[in-house]
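Have a look at protein_7.csv below; it lists CSV, C-alpha atoms.
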chain,number,residue,atom,x,y,z
A,15,LEU,CA,4.3,-23.3,-19.7
A,16,GLY,CA,7.5,-24.0,-17.8
A,17,PRO,CA,9.0,-21.4,-15.4
A,18,THR,CA,11.3,-19.9,-18.0
A,19,ASN,CA,8.6,-19.5,-20.6
A,20,LEU,CA,6.2,-18.1,-18.1
A,21,LEU,CA,8.7,-15.6,-17.0
A,22,VAL,CA,9.3,-14.5,-20.6
A,23,THR,CA,5.6,-14.3,-21.3
A,24,LEU,CA,4.8,-12.3,-18.2
A,25,SER,CA,7.7,-10.0,-18.8
A,26,ASP,CA,6.6,-9.4,-22.4
A,27,THR,CA,3.1,-8.7,-21.3
A,28,ILE,CA,4.2,-6.1,-18.7
A,29,ASP,CA,6.5,-4.4,-21.1
A,30,SER,CA,3.8,-4.3,-23.8
A,31,TYR,CA,1.5,-2.4,-21.5
A,32,LEU,CA,4.3,0.0,-20.7
A,33,PHE,CA,5.2,0.6,-24.3
A,34,LYS,CA,1.5,1.1,-25.2
A,35,LEU,CA,1.4,3.9,-22.6
A,36,ARG,CA,4.5,5.3,-24.2
A,37,GLN,CA,2.9,5.2,-27.7
A,38,GLU,CA,-0.2,7.0,-26.3
A,39,GLY,CA,2.0,9.8,-24.9
A,40,TYR,CA,1.6,9.1,-21.2
A,41,LEU,CA,5.2,8.0,-20.5
A,42,ASP,CA,8.5,9.2,-21.8
A,43,VAL,CA,11.7,7.2,-22.6
A,44,SER,CA,13.3,7.9,-19.3
A,45,GLN,CA,10.3,6.6,-17.4
A,46,ILE,CA,10.0,3.5,-19.5
A,47,SER,CA,13.7,2.7,-18.9
A,48,GLN,CA,13.1,2.8,-15.1
A,49,MET,CA,10.0,0.6,-15.2
A,50,LYS,CA,10.5,-2.1,-17.8
A,51,VAL,CA,11.4,-5.6,-16.8
A,52,GLN,CA,15.1,-6.2,-16.1
A,53,ARG,CA,15.5,-9.6,-17.8
A,54,ILE,CA,18.5,-10.8,-15.7
A,55,HIS,CA,18.2,-13.3,-12.9
A,56,LEU,CA,14.4,-13.3,-13.1
A,57,ARG,CA,12.7,-15.6,-10.7
A,58,PHE,CA,9.2,-16.0,-9.3
A,59,PRO,CA,8.7,-15.6,-5.6
A,60,SER,CA,7.4,-18.6,-3.7
A,61,LEU,CA,4.7,-19.2,-1.1
A,62,TYR,CA,5.7,-20.8,2.3
A,63,PHE,CA,4.1,-21.1,5.7
A,64,LEU,CA,5.4,-20.4,9.2
A,65,PRO,CA,3.7,-21.2,12.5
A,66,SER,CA,1.9,-18.4,14.3
A,67,SER,CA,3.0,-17.4,17.8
A,68,THR,CA,-0.7,-16.8,18.8
A,69,SER,CA,-2.5,-19.8,17.2
A,70,THR,CA,-2.1,-23.2,15.7
A,71,VAL,CA,-2.7,-21.9,12.2
A,72,HIS,CA,0.3,-21.5,10.0
A,73,ARG,CA,0.6,-18.1,8.4
A,74,PRO,CA,1.4,-17.7,4.7
A,75,PHE,CA,4.3,-15.7,3.5
A,76,ILE,CA,5.7,-14.8,0.1
A,77,SER,CA,9.5,-14.9,-0.4
A,78,SER,CA,11.5,-12.0,-1.6
A,79,CYS,CA,10.1,-10.4,-4.8
A,80,GLN,CA,13.4,-8.6,-5.8
A,81,THR,CA,13.8,-10.9,-8.8
A,82,ALA,CA,10.1,-10.8,-9.9
A,83,PRO,CA,9.2,-9.3,-13.3
A,84,ILE,CA,7.0,-6.7,-11.5
A,85,GLU,CA,9.7,-5.5,-9.1
A,86,ARG,CA,11.1,-2.5,-11.1
A,87,LEU,CA,7.7,-1.1,-11.8
A,88,GLY,CA,6.8,-1.5,-8.1
A,89,THR,CA,10.0,0.2,-7.1
A,90,TYR,CA,9.4,3.2,-9.4
A,91,LEU,CA,5.8,3.6,-8.1
A,92,ASN,CA,6.9,3.3,-4.5
A,93,GLN,CA,9.6,6.0,-5.0
A,94,LEU,CA,6.9,8.1,-6.6
A,95,LEU,CA,4.1,7.8,-4.1
A,96,LYS,CA,5.6,6.9,-0.7
A,97,PRO,CA,7.1,10.4,-0.1
A,98,LEU,CA,3.8,12.0,-1.1
A,99,TYR,CA,1.8,9.8,1.2
A,100,GLU,CA,4.1,10.4,4.1
A,101,LYS,CA,4.0,14.1,3.6
A,102,CYS,CA,0.2,14.3,3.4
A,103,THR,CA,-0.6,11.9,6.3
A,104,GLU,CA,2.1,13.0,8.8
A,105,LEU,CA,-0.4,14.0,11.5
A,106,THR,CA,-2.1,10.5,11.7
A,107,THR,CA,0.8,8.2,10.7
A,108,ILE,CA,3.0,6.7,13.4
A,109,ARG,CA,6.5,6.0,11.9
A,110,ASN,CA,8.1,4.3,15.0
A,111,CYS,CA,8.1,4.2,18.8
A,112,LEU,CA,9.8,7.6,19.2
A,113,ASP,CA,7.3,9.2,16.8
A,114,PHE,CA,4.4,7.7,18.7
A,115,LEU,CA,5.7,9.1,22.0
A,116,GLU,CA,6.3,12.6,20.5
A,117,LYS,CA,2.7,12.7,19.1
A,118,LEU,CA,1.3,11.5,22.4
A,119,ALA,CA,3.3,14.2,24.2
A,120,ARG,CA,1.9,16.9,21.9
A,121,PHE,CA,-1.6,15.8,22.8
A,122,ASP,CA,-2.9,18.4,25.3
A,123,ASP,CA,-2.7,17.3,28.9
A,124,TYR,CA,-6.2,18.5,29.7
A,125,LEU,CA,-7.6,16.0,27.2
A,126,PHE,CA,-6.2,13.1,29.2
A,127,LEU,CA,-8.8,12.8,32.0
A,128,PRO,CA,-9.4,10.1,34.7
A,129,HIS,CA,-12.2,8.6,32.6
A,130,THR,CA,-10.2,8.7,29.3
A,131,SER,CA,-10.0,5.3,27.6
A,132,PHE,CA,-7.0,4.5,25.4
A,133,ALA,CA,-7.4,1.7,23.0
A,134,THR,CA,-5.5,-0.1,20.3
A,135,PHE,CA,-6.6,-2.6,17.7
A,136,LYS,CA,-5.0,-4.4,14.7
A,137,ILE,CA,-6.6,-4.7,11.3
A,138,GLN,CA,-6.2,-8.4,10.4
A,139,ASP,CA,-4.9,-9.7,7.0
A,140,VAL,CA,-5.1,-6.3,5.2
A,141,TYR,CA,-2.4,-7.3,2.7
A,142,HIS,CA,-4.2,-10.5,1.7
A,143,GLN,CA,-7.8,-9.2,1.7
A,144,MET,CA,-7.5,-5.8,-0.1
A,145,SER,CA,-9.6,-5.9,-3.3
A,146,HIS,CA,-7.6,-4.6,-6.3
A,147,HIS,CA,-10.6,-2.6,-7.4
A,148,ARG,CA,-10.9,-0.9,-4.0
A,149,ILE,CA,-7.1,-0.3,-3.8
A,150,LEU,CA,-7.4,1.6,-7.1
A,151,GLU,CA,-10.4,3.6,-5.9
A,152,ALA,CA,-8.6,4.6,-2.7
A,153,LEU,CA,-5.6,5.6,-4.7
A,154,ARG,CA,-7.7,7.7,-7.0
A,155,ARG,CA,-9.4,9.5,-4.1
A,156,PHE,CA,-6.1,10.1,-2.3
A,157,LEU,CA,-4.4,11.6,-5.4
A,158,THR,CA,-7.5,13.6,-6.3
A,159,HIS,CA,-7.5,15.0,-2.8
A,160,VAL,CA,-3.9,16.0,-2.5
A,161,LEU,CA,-3.4,17.0,-6.2
A,162,HIS,CA,-5.6,18.9,-8.6
A,163,PRO,CA,-7.5,16.3,-10.7
A,164,ARG,CA,-5.7,17.5,-13.9
A,165,GLN,CA,-2.4,18.1,-12.2
A,166,HIS,CA,0.6,16.0,-13.2
A,167,TYR,CA,2.8,14.6,-10.4
A,168,GLN,CA,6.4,13.9,-11.4
A,169,ASN,CA,5.3,14.2,-15.1
A,170,LEU,CA,2.5,11.6,-14.6
A,171,SER,CA,-1.2,12.2,-14.6
A,172,ILE,CA,-3.5,10.6,-12.0
A,173,PRO,CA,-5.1,8.2,-14.6
A,174,THR,CA,-1.6,7.1,-15.7
A,175,ILE,CA,-0.5,6.4,-12.1
A,176,GLU,CA,-3.7,4.4,-11.7
A,177,ARG,CA,-3.0,2.4,-14.9
A,178,LEU,CA,0.5,1.7,-13.8
A,179,THR,CA,-0.7,0.5,-10.4
A,180,ASP,CA,-3.3,-1.7,-12.1
A,181,ILE,CA,-0.5,-3.3,-14.2
A,182,TYR,CA,1.5,-3.9,-11.0
A,183,LEU,CA,-1.4,-5.5,-9.1
A,184,ASN,CA,-2.5,-7.8,-11.9
A,185,HIS,CA,0.8,-9.3,-12.8
A,186,GLN,CA,2.0,-10.7,-9.5
A,187,VAL,CA,2.7,-14.4,-9.9
A,188,PHE,CA,4.2,-16.8,-7.3
A,189,THR,CA,4.9,-20.5,-7.1
A,190,TYR,CA,3.7,-23.1,-4.6
A,191,ASP,CA,4.3,-26.9,-4.7
A,192,GLY,CA,5.4,-26.7,-8.4
A,193,ASN,CA,2.4,-24.7,-9.6
A,194,PHE,CA,2.0,-21.1,-10.5
A,195,TYR,CA,-0.6,-18.7,-9.1
A,196,ARG,CA,-1.6,-15.0,-9.6
A,197,PHE,CA,-2.9,-12.7,-6.9
A,198,ILE,CA,-6.5,-11.8,-7.7
A,199,LYS,CA,-6.8,-9.8,-4.5
A,200,GLY,CA,-4.2,-8.5,-2.0
A,201,SER,CA,-0.5,-8.2,-2.8
A,202,PRO,CA,2.7,-9.6,-1.3
A,203,HIS,CA,3.8,-7.8,1.8
A,204,SER,CA,7.5,-8.3,0.8
A,205,LEU,CA,7.1,-5.6,-1.9
A,206,PRO,CA,7.6,-2.1,-0.5
A,207,PHE,CA,5.0,-0.6,-2.9
A,208,THR,CA,2.4,-3.1,-1.5
A,209,ARG,CA,3.0,-1.6,2.0
A,210,THR,CA,2.5,1.9,0.5
A,211,LEU,CA,-0.7,0.9,-1.2
A,212,ALA,CA,-2.0,-0.7,2.0
A,213,ASN,CA,-1.3,2.6,3.9
A,214,ILE,CA,-3.2,4.5,1.2
A,215,TYR,CA,-6.1,2.0,1.4
A,216,LEU,CA,-6.3,2.2,5.2
A,217,HIS,CA,-5.9,6.0,5.1
A,218,ASP,CA,-9.0,6.1,2.9
A,219,TRP,CA,-10.8,3.6,5.1
A,220,GLN,CA,-10.2,5.5,8.3
A,221,GLN,CA,-11.5,8.9,7.2
A,222,SER,CA,-14.9,8.8,8.9
A,223,LEU,CA,-13.4,7.5,12.1
A,224,VAL,CA,-10.7,10.2,12.1
A,225,GLY,CA,-13.3,12.8,11.4
A,226,ARG,CA,-15.4,11.8,14.4
A,227,LEU,CA,-12.4,11.5,16.7
A,228,ASN,CA,-11.2,15.0,15.6
A,229,TYR,CA,-14.6,16.4,16.3
A,230,TYR,CA,-14.3,15.2,19.9
A,231,GLU,CA,-10.6,16.2,20.1
A,232,GLU,CA,-9.5,12.6,20.6
A,233,PHE,CA,-6.0,11.1,19.9
A,234,TYR,CA,-5.6,9.0,16.8
A,235,GLY,CA,-2.6,7.4,15.2
A,236,ARG,CA,-1.9,4.4,13.0
A,237,TYR,CA,1.3,2.4,12.6
A,238,ASN,CA,0.8,0.3,9.4
A,239,ASP,CA,-2.2,-2.0,10.4
A,240,THR,CA,-2.3,-1.1,14.1
A,241,VAL,CA,-4.5,1.8,15.3
A,242,PHE,CA,-4.2,3.8,18.6
A,243,LEU,CA,-6.9,6.1,19.8
A,244,SER,CA,-8.4,7.8,22.9
A,245,TRP,CA,-12.1,8.0,23.8
A,246,GLN,CA,-13.8,10.0,26.5
A,247,SER,CA,-17.5,9.5,25.5
A,248,SER,CA,-19.6,6.5,26.3
A,249,TYR,CA,-18.8,3.2,24.7
A,250,ASP,CA,-22.0,3.4,22.7

As structure tokens, what does this structure read like?
Amino acid sequence: LGPTNLLVTLSDTIDSYLFKLRQEGYLDVSQISQMKVQRIHLRFPSLYFLPSSTSTVHRPFISSCQTAPIERLGTYLNQLLKPLYEKCTELTTIRNCLDFLEKLARFDDYLFLPHTSFATFKIQDVYHQMSHHRILEALRRFLTHVLHPRQHYQNLSIPTIERLTDIYLNHQVFTYDGNFYRFIKGSPHSLPFTRTLANIYLHDWQQSLVGRLNYYEEFYGRYNDTVFLSWQSSYD
């Protein structure tokens, strides 16, 4: 298939899934109108490489996805879930430098002792390495935790939000060197909803660590894929 035919085919597939959800009674007309593919100026994003400042390996990037068939669905889901995520994770999420300093200032002075260690580490390649299956599991656990399992959020059930996210993850196509590829894991960082999903994924991943640090009254905060924490016990 050529680019134009593939764009049409992918757009038809996405819309068919959405209209099936409508026929099953899970979406209404207003929701469909905000999610369905806008078939004007459609274009696949492309893969390119830039040199890394820390190594000789070139890092992969995906160009803007604003004209991709999946963009409107991703925008809808991001507007739906990002405010909920930010509200429910405010205590452990660092939004910017000022927020980091304010959280650090609120950390009791007596907990910063001469032997206190302060560490930071970066979680590498999270956007490229996330399994779609595990993203959906993390999303389900997050929504089930913050909502009643049978509660609707913005007129959508938790299973419907999962199905929409599954459509989003499985219909991300990009071009490279004249060929077309689909993400089978990970998701392009250039899409805002991918960043929200990555935060939900990492929020799920960090639960045992945060629980242990809270037990010892340690500091913990995460800015996207970078973690900050204090530690006063032994390194073992």

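You can rank A:Val187, A:Leu94, A:Ile172, A:Leu118 by their closest distance to Phe156 in chain A using only C-alpha atoms, and at the top of that list sits A:Ile172.
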
Exercise. Quick one: residues within 12 Å of range 160-162 of chain A, only C-alpha atoms counted, chain neighbours fewer than 3 positions away excluded, as number ranges by chain?
Worked result: A: 95, 98-103, 153-157, 165-168, 170-172

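Near range 224-241 of chain A, within 7 Å and counting all atoms listed in the file, sit Thr106, Thr107, Ile108, Arg109, Thr134, Phe135, Lys136, Ile137, Asn213, Gln220 and Trp245 of chain A; same-chain residues fewer than 4 positions away were not included.
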
Exercise. Out of A:Cys111, A:Leu178, A:Ala133, A:Leu41, which residue has the shortest atom-to-atom distance to Ile84 in chain A when counting all atoms listed in the file?
Worked result: A:Leu178

As an mmCIF file with C-alpha atoms, in the frame of the given file, please: the residues near Ile198 in chain A (cut-off 12 Å, only C-alpha atoms, same-chain neighbours under 2 positions excluded).
data_model
loop_
_atom_site.group_PDB
_atom_site.id
_atom_site.type_symbol
_atom_site.label_atom_id
_atom_site.label_comp_id
_atom_site.auth_asym_id
_atom_site.auth_seq_id
_atom_site.Cartn_x
_atom_site.Cartn_y
_atom_site.Cartn_z
ATOM 1 C CA HIS A 142 -4.200 -10.500 1.700
ATOM 2 C CA GLN A 143 -7.800 -9.200 1.700
ATOM 3 C CA MET A 144 -7.500 -5.800 -0.100
ATOM 4 C CA SER A 145 -9.600 -5.900 -3.300
ATOM 5 C CA HIS A 146 -7.600 -4.600 -6.300
ATOM 6 C CA HIS A 147 -10.600 -2.600 -7.400
ATOM 7 C CA ASP A 180 -3.300 -1.700 -12.100
ATOM 8 C CA TYR A 182 1.500 -3.900 -11.000
ATOM 9 C CA LEU A 183 -1.400 -5.500 -9.100
ATOM 10 C CA ASN A 184 -2.500 -7.800 -11.900
ATOM 11 C CA HIS A 185 0.800 -9.300 -12.800
ATOM 12 C CA GLN A 186 2.000 -10.700 -9.500
ATOM 13 C CA VAL A 187 2.700 -14.400 -9.900
ATOM 14 C CA PHE A 188 4.200 -16.800 -7.300
ATOM 15 C CA TYR A 195 -0.600 -18.700 -9.100
ATOM 16 C CA ARG A 196 -1.600 -15.000 -9.600
ATOM 17 C CA GLY A 200 -4.200 -8.500 -2.000
ATOM 18 C CA SER A 201 -0.500 -8.200 -2.800
ATOM 19 C CA PRO A 202 2.700 -9.600 -1.300
#

For this session: Have a look at CA of Ala82 in chain A and CA of Phe58 in chain A and let me know their distance in Å, one decimal.
Result: 5.3 Å

Kindly compute an axis-aligned box around the listed atoms of range 16-29 of chain A, allowing 5 Å on each side, and express its centre and edge lengths in Å to one decimal as lines of an AutoDock Vina configuration file.
center_x = 7.2
center_y = -14.2
center_z = -18.9
size_x = 18.2
size_y = 29.6
size_z = 17.0
